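Data from query_16.pdb: PDB, C-alpha atoms
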MODEL        1
ATOM      1  CA  GLU L   1     -11.507 -12.867   6.561  1.00  0.00           C
ATOM      2  CA  ARG L   2     -13.603  -9.690   6.463  1.00  0.00           C
ATOM      3  CA  LEU L   3     -12.136  -8.342   3.249  1.00  0.00           C
ATOM      4  CA  ARG L   4     -11.760  -9.120  -0.411  1.00  0.00           C
ATOM      5  CA  LEU L   5      -8.649  -8.169  -2.405  1.00  0.00           C
ATOM      6  CA  ARG L   6      -9.162  -7.920  -6.163  1.00  0.00           C
ATOM      7  CA  PRO L   7      -7.959  -6.019  -9.236  1.00  0.00           C
ATOM      8  CA  PHE L   8      -9.307  -2.513  -9.767  1.00  0.00           C
ATOM      9  CA  SER L   9     -12.177  -1.987 -12.202  1.00  0.00           C
ATOM     10  CA  ILE L  10     -14.061   0.919 -13.752  1.00  0.00           C
ATOM     11  CA  PRO L  11     -16.830   0.922 -11.091  1.00  0.00           C
ATOM     12  CA  ASP L  12     -14.122   1.596  -8.462  1.00  0.00           C
ATOM     13  CA  ILE L  13     -13.314   5.052  -9.813  1.00  0.00           C
ATOM     14  CA  ASP L  14     -15.860   6.878  -7.627  1.00  0.00           C
ATOM     15  CA  SER L  15     -14.817   5.259  -4.337  1.00  0.00           C
ATOM     16  CA  LEU L  16     -11.112   5.500  -5.289  1.00  0.00           C
ATOM     17  CA  GLN L  17     -11.511   9.234  -5.854  1.00  0.00           C
ATOM     18  CA  ALA L  18     -13.492   9.685  -2.636  1.00  0.00           C
ATOM     19  CA  GLY L  19     -10.966   7.753  -0.552  1.00  0.00           C
ATOM     20  CA  LEU L  20      -7.910   9.575  -1.875  1.00  0.00           C
ATOM     21  CA  ASN L  21      -9.485  13.034  -2.020  1.00  0.00           C
ATOM     22  CA  ASP L  22      -8.800  13.502   1.668  1.00  0.00           C
ATOM     23  CA  PRO L  23      -5.880  15.676   2.787  1.00  0.00           C
ATOM     24  CA  LYS L  24      -5.300  13.362   5.765  1.00  0.00           C
ATOM     25  CA  ILE L  25      -4.683  10.459   3.368  1.00  0.00           C
ATOM     26  CA  SER L  26      -2.944  12.279   0.514  1.00  0.00           C
ATOM     27  CA  ARG L  27      -0.305  13.872   2.748  1.00  0.00           C
ATOM     28  CA  ARG L  28       0.823  10.382   3.830  1.00  0.00           C
ATOM     29  CA  LEU L  29       1.401   9.237   0.247  1.00  0.00           C
ATOM     30  CA  THR L  30       4.305  10.315  -1.932  1.00  0.00           C
ATOM     31  CA  ASN L  31       2.631  10.528  -5.311  1.00  0.00           C
ATOM     32  CA  ILE L  32      -1.029  11.367  -4.697  1.00  0.00           C
ATOM     33  CA  PRO L  33      -2.062  14.908  -5.569  1.00  0.00           C
ATOM     34  CA  TYR L  34      -4.578  16.847  -3.542  1.00  0.00           C
ATOM     35  CA  PRO L  35      -7.271  17.463  -4.496  1.00  0.00           C
ATOM     36  CA  TYR L  36      -7.601  14.016  -6.055  1.00  0.00           C
ATOM     37  CA  THR L  37     -10.067  14.382  -8.910  1.00  0.00           C
ATOM     38  CA  PHE L  38     -12.337  11.953 -10.698  1.00  0.00           C
ATOM     39  CA  GLU L  39     -10.080  12.339 -13.747  1.00  0.00           C
ATOM     40  CA  SER L  40      -7.029  11.409 -11.654  1.00  0.00           C
ATOM     41  CA  ALA L  41      -8.773   8.262 -10.429  1.00  0.00           C
ATOM     42  CA  ARG L  42      -9.956   7.313 -13.913  1.00  0.00           C
ATOM     43  CA  ALA L  43      -6.506   7.837 -15.422  1.00  0.00           C
ATOM     44  CA  TRP L  44      -4.916   5.739 -12.681  1.00  0.00           C
ATOM     45  CA  VAL L  45      -7.292   2.788 -13.172  1.00  0.00           C
ATOM     46  CA  TRP L  46      -6.659   2.853 -16.922  1.00  0.00           C
ATOM     47  CA  ARG L  47      -2.884   3.097 -16.347  1.00  0.00           C
ATOM     48  CA  MET L  48      -2.998   0.035 -14.068  1.00  0.00           C
ATOM     49  CA  TRP L  49      -4.822  -1.954 -16.731  1.00  0.00           C
ATOM     50  CA  ASP L  50      -2.280  -0.876 -19.348  1.00  0.00           C
ATOM     51  CA  GLU L  51       0.709  -1.763 -17.133  1.00  0.00           C
ATOM     52  CA  GLU L  52      -0.831  -5.143 -16.300  1.00  0.00           C
ATOM     53  CA  LYS L  53      -1.097  -5.952 -20.012  1.00  0.00           C
ATOM     54  CA  LYS L  54       2.466  -4.826 -20.781  1.00  0.00           C
ATOM     55  CA  ASN L  55       4.288  -6.358 -17.819  1.00  0.00           C
ATOM     56  CA  PRO L  56       2.270  -8.065 -15.089  1.00  0.00           C
ATOM     57  CA  ARG L  57       5.336  -8.516 -12.851  1.00  0.00           C
ATOM     58  CA  THR L  58       6.153  -4.795 -12.583  1.00  0.00           C
ATOM     59  CA  ARG L  59       3.534  -4.099  -9.944  1.00  0.00           C
ATOM     60  CA  ILE L  60       0.419  -5.698  -8.542  1.00  0.00           C
ATOM     61  CA  ASP L  61      -2.307  -3.356  -7.288  1.00  0.00           C
ATOM     62  CA  LEU L  62      -5.343  -4.709  -5.482  1.00  0.00           C
ATOM     63  CA  ALA L  63      -8.473  -2.941  -4.330  1.00  0.00           C
ATOM     64  CA  ILE L  64      -9.694  -3.640  -0.802  1.00  0.00           C
ATOM     65  CA  THR L  65     -13.424  -4.116  -0.335  1.00  0.00           C
ATOM     66  CA  LYS L  66     -15.430  -5.360   2.595  1.00  0.00           C
ATOM     67  CA  LYS L  67     -16.948  -8.744   1.851  1.00  0.00           C
ATOM     68  CA  GLY L  68     -20.424  -8.285   0.429  1.00  0.00           C
ATOM     69  CA  GLU L  69     -19.857  -4.621  -0.477  1.00  0.00           C
ATOM     70  CA  THR L  70     -18.794  -3.067  -3.765  1.00  0.00           C
ATOM     71  CA  GLY L  71     -17.051   0.227  -2.973  1.00  0.00           C
ATOM     72  CA  ILE L  72     -13.345   0.119  -2.240  1.00  0.00           C
ATOM     73  CA  ILE L  73     -12.004   1.192   1.139  1.00  0.00           C
ATOM     74  CA  GLY L  74      -8.316   1.215   0.186  1.00  0.00           C
ATOM     75  CA  SER L  75      -5.643  -0.691  -1.662  1.00  0.00           C
ATOM     76  CA  VAL L  76      -2.542  -2.802  -1.188  1.00  0.00           C
ATOM     77  CA  ALA L  77       0.149  -3.296  -3.780  1.00  0.00           C
ATOM     78  CA  PHE L  78       3.490  -4.764  -4.620  1.00  0.00           C
ATOM     79  CA  ILE L  79       5.529  -2.115  -6.406  1.00  0.00           C
ATOM     80  CA  ASN L  80       9.136  -2.049  -7.551  1.00  0.00           C
ATOM     81  CA  ILE L  81       9.087  -5.810  -8.019  1.00  0.00           C
ATOM     82  CA  ASP L  82      12.592  -7.043  -8.727  1.00  0.00           C
ATOM     83  CA  ASP L  83      13.046 -10.818  -9.031  1.00  0.00           C
ATOM     84  CA  HIS L  84      13.016 -12.084  -5.419  1.00  0.00           C
ATOM     85  CA  ARG L  85      11.896  -8.889  -3.692  1.00  0.00           C
ATOM     86  CA  ALA L  86       9.168  -6.270  -3.760  1.00  0.00           C
ATOM     87  CA  GLN L  87       8.025  -3.157  -1.964  1.00  0.00           C
ATOM     88  CA  VAL L  88       4.579  -2.854  -0.410  1.00  0.00           C
ATOM     89  CA  SER L  89       2.409   0.199  -0.821  1.00  0.00           C
ATOM     90  CA  TYR L  90      -0.968   0.715   0.814  1.00  0.00           C
ATOM     91  CA  TRP L  91      -3.604   3.193   1.893  1.00  0.00           C
ATOM     92  CA  LEU L  92      -6.944   3.027   3.650  1.00  0.00           C
ATOM     93  CA  ALA L  93      -9.780   5.541   3.564  1.00  0.00           C
ATOM     94  CA  ALA L  94      -9.910   7.517   6.814  1.00  0.00           C
ATOM     95  CA  ALA L  95     -13.460   6.361   7.618  1.00  0.00           C
ATOM     96  CA  HIS L  96     -12.187   2.773   7.917  1.00  0.00           C
ATOM     97  CA  GLU L  97      -9.094   3.338  10.049  1.00  0.00           C
ATOM     98  CA  GLY L  98      -8.787   1.704  13.448  1.00  0.00           C
ATOM     99  CA  ASN L  99     -10.619  -1.519  12.566  1.00  0.00           C
ATOM    100  CA  GLY L 100      -7.627  -3.705  11.670  1.00  0.00           C
ATOM    101  CA  TYR L 101      -8.542  -3.761   7.981  1.00  0.00           C
ATOM    102  CA  MET L 102      -5.151  -2.660   6.736  1.00  0.00           C
ATOM    103  CA  THR L 103      -3.277  -5.190   8.862  1.00  0.00           C
ATOM    104  CA  GLU L 104      -5.585  -7.936   7.593  1.00  0.00           C
ATOM    105  CA  ALA L 105      -5.102  -6.862   3.973  1.00  0.00           C
ATOM    106  CA  LEU L 106      -1.332  -6.459   4.285  1.00  0.00           C
ATOM    107  CA  ARG L 107      -0.937  -9.885   5.904  1.00  0.00           C
ATOM    108  CA  ALA L 108      -2.879 -11.429   3.016  1.00  0.00           C
ATOM    109  CA  LEU L 109      -0.694  -9.616   0.480  1.00  0.00           C
ATOM    110  CA  VAL L 110       2.504 -10.731   2.227  1.00  0.00           C
ATOM    111  CA  ARG L 111       1.276 -14.323   2.310  1.00  0.00           C
ATOM    112  CA  TYR L 112       0.557 -14.124  -1.434  1.00  0.00           C
ATOM    113  CA  GLY L 113       4.001 -12.663  -2.066  1.00  0.00           C
ATOM    114  CA  PHE L 114       5.808 -15.439  -0.225  1.00  0.00           C
ATOM    115  CA  GLU L 115       3.605 -18.434  -1.040  1.00  0.00           C
ATOM    116  CA  VAL L 116       2.542 -17.698  -4.618  1.00  0.00           C
ATOM    117  CA  LEU L 117       5.050 -15.227  -6.062  1.00  0.00           C
ATOM    118  CA  GLY L 118       8.080 -16.728  -4.334  1.00  0.00           C
ATOM    119  CA  PHE L 119       9.536 -13.516  -2.898  1.00  0.00           C
ATOM    120  CA  MET L 120      12.334 -13.789  -0.355  1.00  0.00           C
ATOM    121  CA  ARG L 121      12.127 -10.174   0.863  1.00  0.00           C
ATOM    122  CA  ILE L 122       9.254  -7.725   1.104  1.00  0.00           C
ATOM    123  CA  HIS L 123       9.917  -4.204   2.324  1.00  0.00           C
ATOM    124  CA  GLY L 124       8.029  -0.990   2.852  1.00  0.00           C
ATOM    125  CA  TYR L 125       8.698   2.634   3.687  1.00  0.00           C
ATOM    126  CA  THR L 126       6.678   4.889   5.898  1.00  0.00           C
ATOM    127  CA  PHE L 127       6.864   8.576   6.623  1.00  0.00           C
ATOM    128  CA  HIS L 128       8.711   8.945   9.932  1.00  0.00           C
ATOM    129  CA  GLU L 129       5.690  10.531  11.646  1.00  0.00           C
ATOM    130  CA  ASN L 130       3.096   8.079  10.304  1.00  0.00           C
ATOM    131  CA  PHE L 131       2.754   6.039  13.487  1.00  0.00           C
ATOM    132  CA  HIS L 132      -0.366   4.216  12.242  1.00  0.00           C
ATOM    133  CA  SER L 133       1.502   2.865   9.228  1.00  0.00           C
ATOM    134  CA  GLN L 134       4.454   1.819  11.376  1.00  0.00           C
ATOM    135  CA  ARG L 135       2.082  -0.118  13.624  1.00  0.00           C
ATOM    136  CA  VAL L 136       0.449  -1.840  10.625  1.00  0.00           C
ATOM    137  CA  LEU L 137       3.855  -2.990   9.382  1.00  0.00           C
ATOM    138  CA  GLU L 138       4.894  -4.218  12.827  1.00  0.00           C
ATOM    139  CA  LYS L 139       1.598  -6.097  13.362  1.00  0.00           C
ATOM    140  CA  SER L 140       2.146  -7.684   9.940  1.00  0.00           C
ATOM    141  CA  GLY L 141       5.523  -9.073  11.000  1.00  0.00           C
ATOM    142  CA  PHE L 142       7.829  -6.451   9.495  1.00  0.00           C
ATOM    143  CA  THR L 143      11.004  -5.382  11.302  1.00  0.00           C
ATOM    144  CA  ARG L 144      12.283  -1.825  11.275  1.00  0.00           C
ATOM    145  CA  GLU L 145      15.644  -1.815   9.509  1.00  0.00           C
ATOM    146  CA  GLY L 146      16.575   1.831   9.522  1.00  0.00           C
ATOM    147  CA  ILE L 147      16.021   5.437   8.575  1.00  0.00           C
ATOM    148  CA  CYS L 148      16.343   6.634   4.996  1.00  0.00           C
ATOM    149  CA  ARG L 149      17.249  10.279   5.350  1.00  0.00           C
ATOM    150  CA  MET L 150      15.599  12.741   2.959  1.00  0.00           C
ATOM    151  CA  GLU L 151      14.231   9.775   0.999  1.00  0.00           C
ATOM    152  CA  TRP L 152      10.663  11.007   0.637  1.00  0.00           C
ATOM    153  CA  LYS L 153       9.972  13.989  -1.606  1.00  0.00           C
ATOM    154  CA  ARG L 154       6.672  15.834  -1.492  1.00  0.00           C
ATOM    155  CA  MET L 155       5.718  18.963  -3.419  1.00  0.00           C
ATOM    156  CA  ILE L 156       4.301  21.563  -1.032  1.00  0.00           C
ATOM    157  CA  ASP L 157       3.126  24.871  -2.464  1.00  0.00           C
ATOM    158  CA  GLY L 158       5.016  24.079  -5.664  1.00  0.00           C
ATOM    159  CA  HIS L 159       8.343  23.435  -3.927  1.00  0.00           C
ATOM    160  CA  PRO L 160      10.010  20.107  -3.152  1.00  0.00           C
ATOM    161  CA  VAL L 161      10.264  19.274   0.542  1.00  0.00           C
ATOM    162  CA  TYR L 162      12.240  16.230   1.667  1.00  0.00           C
ATOM    163  CA  PHE L 163      11.374  13.961   4.584  1.00  0.00           C
ATOM    164  CA  ASP L 164      12.914  10.977   6.283  1.00  0.00           C
ATOM    165  CA  SER L 165      11.370   7.542   5.814  1.00  0.00           C
ATOM    166  CA  LEU L 166      11.560   4.478   7.975  1.00  0.00           C
ATOM    167  CA  LEU L 167      12.439   1.229   6.214  1.00  0.00           C
ATOM    168  CA  TYR L 168      10.707  -1.974   7.330  1.00  0.00           C
ATOM    169  CA  ALA L 169      11.138  -5.467   5.892  1.00  0.00           C
ATOM    170  CA  ILE L 170      10.077  -9.059   6.362  1.00  0.00           C
ATOM    171  CA  LEU L 171      11.992 -12.049   5.038  1.00  0.00           C
ATOM    172  CA  GLN L 172      10.437 -15.283   3.870  1.00  0.00           C
ATOM    173  CA  PRO L 173      12.237 -17.484   6.466  1.00  0.00           C
ATOM    174  CA  GLN L 174      11.164 -15.046   9.212  1.00  0.00           C
ATOM    175  CA  TRP L 175       7.562 -15.071   7.969  1.00  0.00           C
ATOM    176  CA  GLU L 176       7.418 -18.887   7.926  1.00  0.00           C
ATOM    177  CA  THR L 177       8.188 -19.023  11.646  1.00  0.00           C
ATOM    178  CA  MET L 178       5.429 -16.541  12.543  1.00  0.00           C
ATOM    179  CA  ASN L 179       1.975 -17.551  13.549  1.00  0.00           C
ATOM    180  CA  LEU L 180       0.044 -14.492  12.402  1.00  0.00           C
ATOM    181  CA  ARG L 181      -3.558 -15.140  13.331  1.00  0.00           C
ATOM    182  CA  PRO L 182      -6.309 -13.346  11.465  1.00  0.00           C
ATOM    183  CA  VAL L 183      -6.863  -9.845  12.798  1.00  0.00           C
ATOM    184  CA  GLU L 184      -9.758  -9.679  15.244  1.00  0.00           C
TER     185      GLU L 184
ENDMDL
END
Could you express the structure from this file as structure tokens?
Amino acid sequence: ERLRLRPFSIPDIDSLQAGLNDPKISRRLTNIPYPYTFESARAWVWRMWDEEKKNPRTRIDLAITKKGETGIIGSVAFINIDDHRAQVSYWLAAAHEGNGYMTEALRALVRYGFEVLGFMRIHGYTFHENFHSQRVLEKSGFTREGICRMEWKRMIDGHPVYFDSLLYAILQPQWETMNLRPVE
């Protein structure tokens, strides 16, 4: 209700770079380098456009903006789409944490996945110490299914370091029985 989800565009490059060029955010994400440069943001936006043209069902990335504003505050995505299932991926700029924006955006994405795209299963992973992300998934109706040991790889000082991830999922029949009110 407070947000707009839409495809990324060229004007988003500045706010994308600013949001991801934060060590607090980048260390929670598996494939975001730090520092995150303007060139990284530009290349990513162009890559998303190219992937959308080639195969629109591979992934769906949406920018999150506050209604009435232009700069992005984060993103939500379906990645690893495979027929009846998909994985969620998301991030929110640190300045906007704690306001329920990510839960609101993720609930909207899940609704779209079940009602429009026809998914039966939507899952997501979170770093085992990312308690904020775990709470977002739980408030969005996801159930913790297990621990994926050494599933998350992150390059630290040029060396791979492996971390455990927690696996969460929500199923379409489960989602239909929920009454997830808009986030207040």
When you look at Leu29 (chain L) with a cut-off of 10 Å (counting all atoms listed in the file), what residues show up, excluding the ones that are within fewer than 6 positions of it in the same chain? I need them as a ChimeraX atom specification.
/L:20,89-91,126-127,152-154
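Put simply, CA of Thr65 (chain L) is 22.6 Å away from CA of Gly141 (chain L).
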For the provided coordinates, the residues matched by the PyMOL selection byres ((chain L and resi 27) around 12) should be stated as a PyMOL selection string.
chain L and resi 20-26+28-36+91+126-127+129-130+152-156+163
With C-alpha atoms retained, write the just-selected residues as a PDB file, in the frame of the given file.
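Contents of the output file out06.pdb:
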ATOM      1  CA  LEU L  20      -7.910   9.575  -1.875  1.00  0.00           C
ATOM      2  CA  ASN L  21      -9.485  13.034  -2.020  1.00  0.00           C
ATOM      3  CA  ASP L  22      -8.800  13.502   1.668  1.00  0.00           C
ATOM      4  CA  PRO L  23      -5.880  15.676   2.787  1.00  0.00           C
ATOM      5  CA  LYS L  24      -5.300  13.362   5.765  1.00  0.00           C
ATOM      6  CA  ILE L  25      -4.683  10.459   3.368  1.00  0.00           C
ATOM      7  CA  SER L  26      -2.944  12.279   0.514  1.00  0.00           C
ATOM      8  CA  ARG L  28       0.823  10.382   3.830  1.00  0.00           C
ATOM      9  CA  LEU L  29       1.401   9.237   0.247  1.00  0.00           C
ATOM     10  CA  THR L  30       4.305  10.315  -1.932  1.00  0.00           C
ATOM     11  CA  ASN L  31       2.631  10.528  -5.311  1.00  0.00           C
ATOM     12  CA  ILE L  32      -1.029  11.367  -4.697  1.00  0.00           C
ATOM     13  CA  PRO L  33      -2.062  14.908  -5.569  1.00  0.00           C
ATOM     14  CA  TYR L  34      -4.578  16.847  -3.542  1.00  0.00           C
ATOM     15  CA  PRO L  35      -7.271  17.463  -4.496  1.00  0.00           C
ATOM     16  CA  TYR L  36      -7.601  14.016  -6.055  1.00  0.00           C
ATOM     17  CA  TRP L  91      -3.604   3.193   1.893  1.00  0.00           C
ATOM     18  CA  THR L 126       6.678   4.889   5.898  1.00  0.00           C
ATOM     19  CA  PHE L 127       6.864   8.576   6.623  1.00  0.00           C
ATOM     20  CA  GLU L 129       5.690  10.531  11.646  1.00  0.00           C
ATOM     21  CA  ASN L 130       3.096   8.079  10.304  1.00  0.00           C
ATOM     22  CA  TRP L 152      10.663  11.007   0.637  1.00  0.00           C
ATOM     23  CA  LYS L 153       9.972  13.989  -1.606  1.00  0.00           C
ATOM     24  CA  ARG L 154       6.672  15.834  -1.492  1.00  0.00           C
ATOM     25  CA  MET L 155       5.718  18.963  -3.419  1.00  0.00           C
ATOM     26  CA  ILE L 156       4.301  21.563  -1.032  1.00  0.00           C
ATOM     27  CA  PHE L 163      11.374  13.961   4.584  1.00  0.00           C
TER      28      PHE L 163
END
List as an MDAnalysis selection string the protein and nucleic acid residues near region 148-151 of chain L, meaning an atom at most 12 Å away when all atoms listed in the file are counted, but skip any in the same chain fewer than 6 places from it.
chainID L and resid 30 124:128 160:168
Around all of region 54-67 of chain L's listed atoms, make the axis-aligned box with 3 Å on each side and tell me centre and edge lengths in Å to one decimal, as JSON.
{"center_x": -5.4, "center_y": -5.8, "center_z": -9.1, "size_x": 29.1, "size_y": 11.8, "size_z": 29.4}
Between CA of Ser40 (chain L) and CA of Arg6 (chain L), measure the distance and give it in Å to one decimal.
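Separation between CA of Ser40 (chain L) and CA of Arg6 (chain L): 20.2 Å.
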Interatomic distance (Å, one decimal) between CA of Glu138 (chain L) and CA of Gly68 (chain L)
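Going from CA of Glu138 (chain L) over to CA of Gly68 (chain L), I get 28.5 Å.
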If the PyMOL selection byres ((chain L and resi 172-179) around 12) were run on this exact file, what residues would it hold? Put them as an NGL selection string.
:L and (84-86 or 107 or 110-123 or 139-143 or 169-171 or 180-183)
Applied to the shown file, which residues does the PyMOL selection byres ((chain L and resi 73) around 8) return, written as a JSON list (two decimals) with C-alpha atoms, in the frame of the given file?
[["chain", "number", "residue", "atom", "x", "y", "z"],
["L", 15, "SER", "CA", -14.82, 5.26, -4.34],
["L", 16, "LEU", "CA", -11.11, 5.50, -5.29],
["L", 19, "GLY", "CA", -10.97, 7.75, -0.55],
["L", 63, "ALA", "CA", -8.47, -2.94, -4.33],
["L", 64, "ILE", "CA", -9.69, -3.64, -0.80],
["L", 65, "THR", "CA", -13.42, -4.12, -0.34],
["L", 66, "LYS", "CA", -15.43, -5.36, 2.60],
["L", 71, "GLY", "CA", -17.05, 0.23, -2.97],
["L", 72, "ILE", "CA", -13.34, 0.12, -2.24],
["L", 74, "GLY", "CA", -8.32, 1.22, 0.19],
["L", 75, "SER", "CA", -5.64, -0.69, -1.66],
["L", 92, "LEU", "CA", -6.94, 3.03, 3.65],
["L", 93, "ALA", "CA", -9.78, 5.54, 3.56],
["L", 96, "HIS", "CA", -12.19, 2.77, 7.92]]
So, counting all atoms listed in the file, which residue among L:Ile13, L:Leu106, L:Ala18, L:Leu3 is closest to Ala41 (chain L)?
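Comparing L:Ile13, L:Leu106, L:Ala18, L:Leu3 against Ala41 (chain L), the winner is L:Ile13.
Proximity of L:Met48, L:Ala43, L:Val76, L:Ile147 to Thr103 (chain L), computed with all atoms listed in the file, is greatest for L:Val76.
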Hey, what's within 8 Å of Arg57 (chain L) if we count only C-alpha atoms and toss same-chain stuff fewer than 3 positions away? As a ChimeraX atom specification, please?
/L:52,60,81
